[in-house]
Structures are given as C-alpha cells and as structure tokens.
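Colleague: What follows is a single structure, and I will ask about it in a moment.
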Amino acid sequence: MLKPFLEAGKIVTTHGLKGEVKVFPWTDSPEELLDIDVLYFNKGQTPVEIETARLQGNMALLKFQGIDTIEEAQGFRGKILYADRKDIPLEEGQYFIQDIIGLRVLDADDGRLYGTVADVSKTGANDVYHIQFADGKIRLVPKIPEVVLKISPEEGEMIIRPLKGLFDDEN
C-alpha cells in the first residue's frame with residue numbers, strides 16, 4: 001500500500017525575524033515545495049498552510065500561516081515536513097523513491113527473488129538501485145530499460161533481467 005503522505009524535507013533552521021523557516025528538501029528540486037499550499041507534520045496528521053515560499057540556493061524558505069516571529073519558528077527546527085502525494089504530480093512511469101525502497105526484486109525469467117531495494121542513487125545519467133540480497137550484500141542495478149523491466153509499487157515488486165556480469169559473484 002502506498003503511503004498517502006511522503007517525507008518532503010526537514011526544517012534545518014529559521015530565517016530572518018518574521019517566522020520563516022529554511023527547509024532542506026527531499027524532493028528532486030526545491031522548486032517542487034514552492035507549488036504546495038499545505039504541508040504536514042506528524043506523518044500527515046497536522047496540516048500547516050504555507051503563506052509564502054521562495055528559494056534560497058538549494059533550500060526552500062517557507063512562511064507558515066500564523067507563525068510571525070523567529071521565536072515561534074524556532075519550535076519547528078529539526079521537524080520533518082510531509083506532502084500529500086496528490087499534491088505532487090508525476091508523469092507516467094515516474095515513482096517516488098519512498099515507494100521504491102522496500103520493493104521485492106524478482107528475476108523476469110524465473111521469478112527468483114534477488115532481494116529488496118534498500119536505496120536509490122541519482123547519478124545524472126540514470127538512477128541506480130541498491131539491492132540488498134539475503135546474504136546482506138548490496139548489489140547495484142542501473143535503471144535502464146534493458147535491466148529494469150517493470151516497477152510496480154502497488155504490487156510491491158520490481159522485475160529485472162540482469163545483464164551478464166552485473167552480479168559477478170552470482171552464477
């Protein structure tokens with residue numbers, strides 16, 4: 001089951017004297033946070049309306065409605081912000097990293113279970129999935145069409161066909 005609320009970033013500090021907070025985004029880009037009107041605390045339980053949002057370098061500066069002083073804003077330092085997944089549009093074939101981590105990784109030809117997705121690295125050219133095998137070892141799988149055939153968070157699985165030599169310690 002997909003989580004209705006996704007971790008969007010962490011408040012790292014306050015900014016200025018009028019209640020703004022500086023958010024380190026956990027999204028592909030900080031701009032994505034600027035288009036959201038309501039974020040949440042407590043894993044989606046406590047909504048907070050965004051009064052203003054702007055960029056500062058790779059950070060988002062947010063002003064919450066009703067928070068007007070640095071003293072009020074300081075209480076939010078270190079808190080995680082969540083976004084409703086409905087507020088972040090995805091194109092066909094795109095997935096949230098949080099939905100990919102934990103997927104079972106299966107062989108396309110024989111259904112063999114390789115392990116689970118433990119992490120995702122963004123390399124620029126293509127994403128790389130970190131697959132944790134039953135022996136605890138992490139093996140890397142590039143997200144290229146020849147290898148990753150299907151990603152299905154709804155079914156909890158990823159179907160792959162490893163290229164020869166990808167798992168060199170495997171038979």
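In the structure tokens, chains take the letters A, B, ... in the order shown, each chain's residues start at 1, and ligands count up from 1 in the order shown.
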For region 2-17 of chain A, find every residue with an atom within 10 Å (counting only C-alpha atoms), except residues of its own chain fewer than 5 positions away, and show them as a VMD selection string.
Modeller: chain A and resid 22 to 28 30 32 to 33 39 to 45 59 to 63 68 to 88 96 to 100 153 to 156
Colleague: With a distance cut-off of 10 Å and only C-alpha atoms, select the neighbouring residues of region 121-138 of chain A, excluding the residue or stretch itself and same-chain residues fewer than 2 positions from it, and output the selection as a ChimeraX atom specification.
Modeller: /A:28,97,100-105,113-119,140-144,148
Colleague: Could the residues in this selection be saved with N, CA and C atoms as a PDB file, in the first residue's frame?
Modeller:
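Output saved as again-v9.pdb:
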ATOM      1  N   ASP A  28      13.118  16.118  -5.706  1.00  0.00           N
ATOM      2  CA  ASP A  28      14.103  16.220  -6.780  1.00  0.00           C
ATOM      3  C   ASP A  28      14.685  17.632  -6.875  1.00  0.00           C
ATOM      4  N   ILE A  97      10.737   7.877  -4.703  1.00  0.00           N
ATOM      5  CA  ILE A  97      11.771   6.990  -4.167  1.00  0.00           C
ATOM      6  C   ILE A  97      11.248   6.245  -2.950  1.00  0.00           C
ATOM      7  N   ILE A 100       9.677   3.119  -3.907  1.00  0.00           N
ATOM      8  CA  ILE A 100      10.549   2.097  -4.499  1.00  0.00           C
ATOM      9  C   ILE A 100      11.338   1.347  -3.424  1.00  0.00           C
ATOM     10  N   ILE A 101      11.774   2.073  -2.392  1.00  0.00           N
ATOM     11  CA  ILE A 101      12.532   1.422  -1.326  1.00  0.00           C
ATOM     12  C   ILE A 101      11.650   0.378  -0.641  1.00  0.00           C
ATOM     13  N   GLY A 102      12.192  -0.811  -0.527  1.00  0.00           N
ATOM     14  CA  GLY A 102      11.465  -1.909   0.084  1.00  0.00           C
ATOM     15  C   GLY A 102      10.820  -2.864  -0.903  1.00  0.00           C
ATOM     16  N   LEU A 103      10.814  -2.501  -2.204  1.00  0.00           N
ATOM     17  CA  LEU A 103      10.229  -3.409  -3.190  1.00  0.00           C
ATOM     18  C   LEU A 103      11.026  -4.705  -3.279  1.00  0.00           C
ATOM     19  N   ARG A 104      10.340  -5.824  -3.467  1.00  0.00           N
ATOM     20  CA  ARG A 104      10.989  -7.100  -3.747  1.00  0.00           C
ATOM     21  C   ARG A 104      11.508  -7.038  -5.179  1.00  0.00           C
ATOM     22  N   VAL A 105      12.721  -7.535  -5.405  1.00  0.00           N
ATOM     23  CA  VAL A 105      13.319  -7.539  -6.734  1.00  0.00           C
ATOM     24  C   VAL A 105      13.351  -8.973  -7.237  1.00  0.00           C
ATOM     25  N   LEU A 113      13.769 -14.523  -6.359  1.00  0.00           N
ATOM     26  CA  LEU A 113      13.878 -13.321  -5.537  1.00  0.00           C
ATOM     27  C   LEU A 113      15.349 -12.982  -5.332  1.00  0.00           C
ATOM     28  N   TYR A 114      15.753 -11.803  -5.800  1.00  0.00           N
ATOM     29  CA  TYR A 114      17.127 -11.352  -5.587  1.00  0.00           C
ATOM     30  C   TYR A 114      17.286 -10.707  -4.212  1.00  0.00           C
ATOM     31  N   GLY A 115      16.320  -9.903  -3.815  1.00  0.00           N
ATOM     32  CA  GLY A 115      16.392  -9.178  -2.550  1.00  0.00           C
ATOM     33  C   GLY A 115      15.392  -8.043  -2.570  1.00  0.00           C
ATOM     34  N   THR A 116      15.706  -6.987  -1.829  1.00  0.00           N
ATOM     35  CA  THR A 116      14.821  -5.825  -1.786  1.00  0.00           C
ATOM     36  C   THR A 116      15.612  -4.552  -2.077  1.00  0.00           C
ATOM     37  N   VAL A 117      14.900  -3.550  -2.573  1.00  0.00           N
ATOM     38  CA  VAL A 117      15.529  -2.255  -2.849  1.00  0.00           C
ATOM     39  C   VAL A 117      15.802  -1.575  -1.512  1.00  0.00           C
ATOM     40  N   ALA A 118      17.080  -1.282  -1.254  1.00  0.00           N
ATOM     41  CA  ALA A 118      17.480  -0.669   0.012  1.00  0.00           C
ATOM     42  C   ALA A 118      17.705   0.836  -0.125  1.00  0.00           C
ATOM     43  N   ASP A 119      18.046   1.289  -1.338  1.00  0.00           N
ATOM     44  CA  ASP A 119      18.328   2.709  -1.538  1.00  0.00           C
ATOM     45  C   ASP A 119      18.306   3.002  -3.027  1.00  0.00           C
ATOM     46  N   LEU A 140      24.380  -3.293  -7.055  1.00  0.00           N
ATOM     47  CA  LEU A 140      23.823  -2.137  -7.744  1.00  0.00           C
ATOM     48  C   LEU A 140      23.204  -2.532  -9.073  1.00  0.00           C
ATOM     49  N   VAL A 141      22.043  -1.956  -9.341  1.00  0.00           N
ATOM     50  CA  VAL A 141      21.314  -2.234 -10.576  1.00  0.00           C
ATOM     51  C   VAL A 141      20.986  -0.900 -11.238  1.00  0.00           C
ATOM     52  N   PRO A 142      21.464  -0.674 -12.472  1.00  0.00           N
ATOM     53  CA  PRO A 142      21.147   0.583 -13.152  1.00  0.00           C
ATOM     54  C   PRO A 142      19.703   0.581 -13.642  1.00  0.00           C
ATOM     55  N   LYS A 143      19.059   1.722 -13.547  1.00  0.00           N
ATOM     56  CA  LYS A 143      17.696   1.840 -14.068  1.00  0.00           C
ATOM     57  C   LYS A 143      17.795   2.144 -15.556  1.00  0.00           C
ATOM     58  N   ILE A 144      17.961   1.077 -16.313  1.00  0.00           N
ATOM     59  CA  ILE A 144      17.969   1.176 -17.771  1.00  0.00           C
ATOM     60  C   ILE A 144      16.955   0.162 -18.287  1.00  0.00           C
ATOM     61  N   VAL A 148      15.848  -3.061 -15.930  1.00  0.00           N
ATOM     62  CA  VAL A 148      14.639  -2.886 -15.113  1.00  0.00           C
ATOM     63  C   VAL A 148      13.437  -2.912 -16.052  1.00  0.00           C
TER      64      VAL A 148
END
Colleague: If I take CA of Gly57 (chain A) and CA of Gln94 (chain A), how far is one from the other in Å, to one decimal?
Modeller: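 Those two atoms sit 25.5 Å apart.
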Colleague: One number please: CA of Lys150 (chain A) to CA of Glu91 (chain A), in Å, one decimal.
Modeller: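 Interatomic distance here is 15.6 Å.
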Colleague: Find, counting only C-alpha atoms, the residue in A:Glu146, A:Pro89, A:Thr46, A:Arg139 that gets nearest to Phe167 (chain A).
Modeller: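 Closest residue, counting only C-alpha atoms: A:Arg139.
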Colleague: If you measure from CA of Leu34 (chain A) to CA of Gly19 (chain A), what distance in Å do you get, rounded to one decimal?
Modeller: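 Between these atoms lies a distance of 16.8 Å.
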Colleague: Within 6 Å of Ile50 (chain A), counting only C-alpha atoms, which residues qualify if same-chain residues fewer than 2 places away don't, as a list in words?
Modeller: Asp37, Val38, Thr52, Lys63, Phe64 and Gln65 of chain A
Colleague: Generate the output file for the selected residues, C-alpha atoms, as a short mmCIF file (atom, residue, chain, number, x, y, z; two decimals), in the first residue's frame.
Modeller:
data_model
loop_
_atom_site.label_atom_id
_atom_site.label_comp_id
_atom_site.auth_asym_id
_atom_site.auth_seq_id
_atom_site.Cartn_x
_atom_site.Cartn_y
_atom_site.Cartn_z
CA ASP A 37 -0.15 25.16 -0.45
CA VAL A 38 -0.38 22.81 2.54
CA THR A 52 4.83 32.33 1.28
CA LYS A 63 6.49 31.04 5.98
CA PHE A 64 3.68 29.19 7.75
CA GLN A 65 0.38 30.94 8.23
#
Colleague: Determine which residues of chain A DSSP labels as helix (DSSP H, G or I) from the backbone of this structure, then write them out as a list of chain:residue names.
Modeller: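 So, restricting chain A to helix (DSSP H, G or I), we get A:Glu31, A:Glu32, A:Leu33, A:Leu34, A:Asn42, A:Lys43, A:Gly44, A:Ile70, A:Glu71, A:Glu72, A:Ala73, A:Gln74, A:Arg85, A:Lys86, A:Asp87, A:Ile97, A:Gln98, A:Asp99, A:Ile100.
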Colleague: Please produce an output containing C-alpha atoms for each residue in the selection, written as a short mmCIF file (atom, residue, chain, number, x, y, z; two decimals), in the first residue's frame.
Modeller:
data_model
loop_
_atom_site.label_atom_id
_atom_site.label_comp_id
_atom_site.auth_asym_id
_atom_site.auth_seq_id
_atom_site.Cartn_x
_atom_site.Cartn_y
_atom_site.Cartn_z
CA GLU A 31 11.12 24.27 -6.54
CA GLU A 32 8.68 21.40 -6.02
CA LEU A 33 7.98 22.62 -2.48
CA LEU A 34 7.05 26.08 -3.77
CA ASN A 42 3.46 14.21 12.27
CA LYS A 43 3.43 11.93 9.20
CA GLY A 44 0.49 13.79 7.69
CA ILE A 70 11.56 33.97 14.93
CA GLU A 71 10.67 32.68 18.39
CA GLU A 72 7.56 30.89 17.07
CA ALA A 73 9.52 29.50 14.10
CA GLN A 74 12.31 28.10 16.29
CA ARG A 85 1.10 12.61 -2.64
CA LYS A 86 -1.91 14.04 -4.51
CA ASP A 87 -0.24 17.47 -4.43
CA ILE A 97 11.77 6.99 -4.17
CA GLN A 98 9.91 6.29 -0.94
CA ASP A 99 7.62 3.97 -2.92
CA ILE A 100 10.55 2.10 -4.50
#
Colleague: DSSP says strand (DSSP E or B) for which residues of chain A? Put them as JSON, numbers by chain?
Modeller: {"A": [5, 6, 7, 8, 9, 10, 11, 12, 13, 14, 15, 20, 21, 22, 23, 24, 25, 38, 39, 40, 41, 46, 47, 48, 49, 50, 51, 52, 53, 54, 55, 56, 59, 60, 61, 62, 63, 64, 80, 81, 82, 83, 84, 104, 105, 106, 107, 113, 114, 115, 116, 117, 118, 119, 120, 121, 122, 127, 128, 129, 130, 131, 132, 133, 138, 139, 140, 141, 142, 148, 149, 150, 151, 152, 157, 158, 159, 160]}
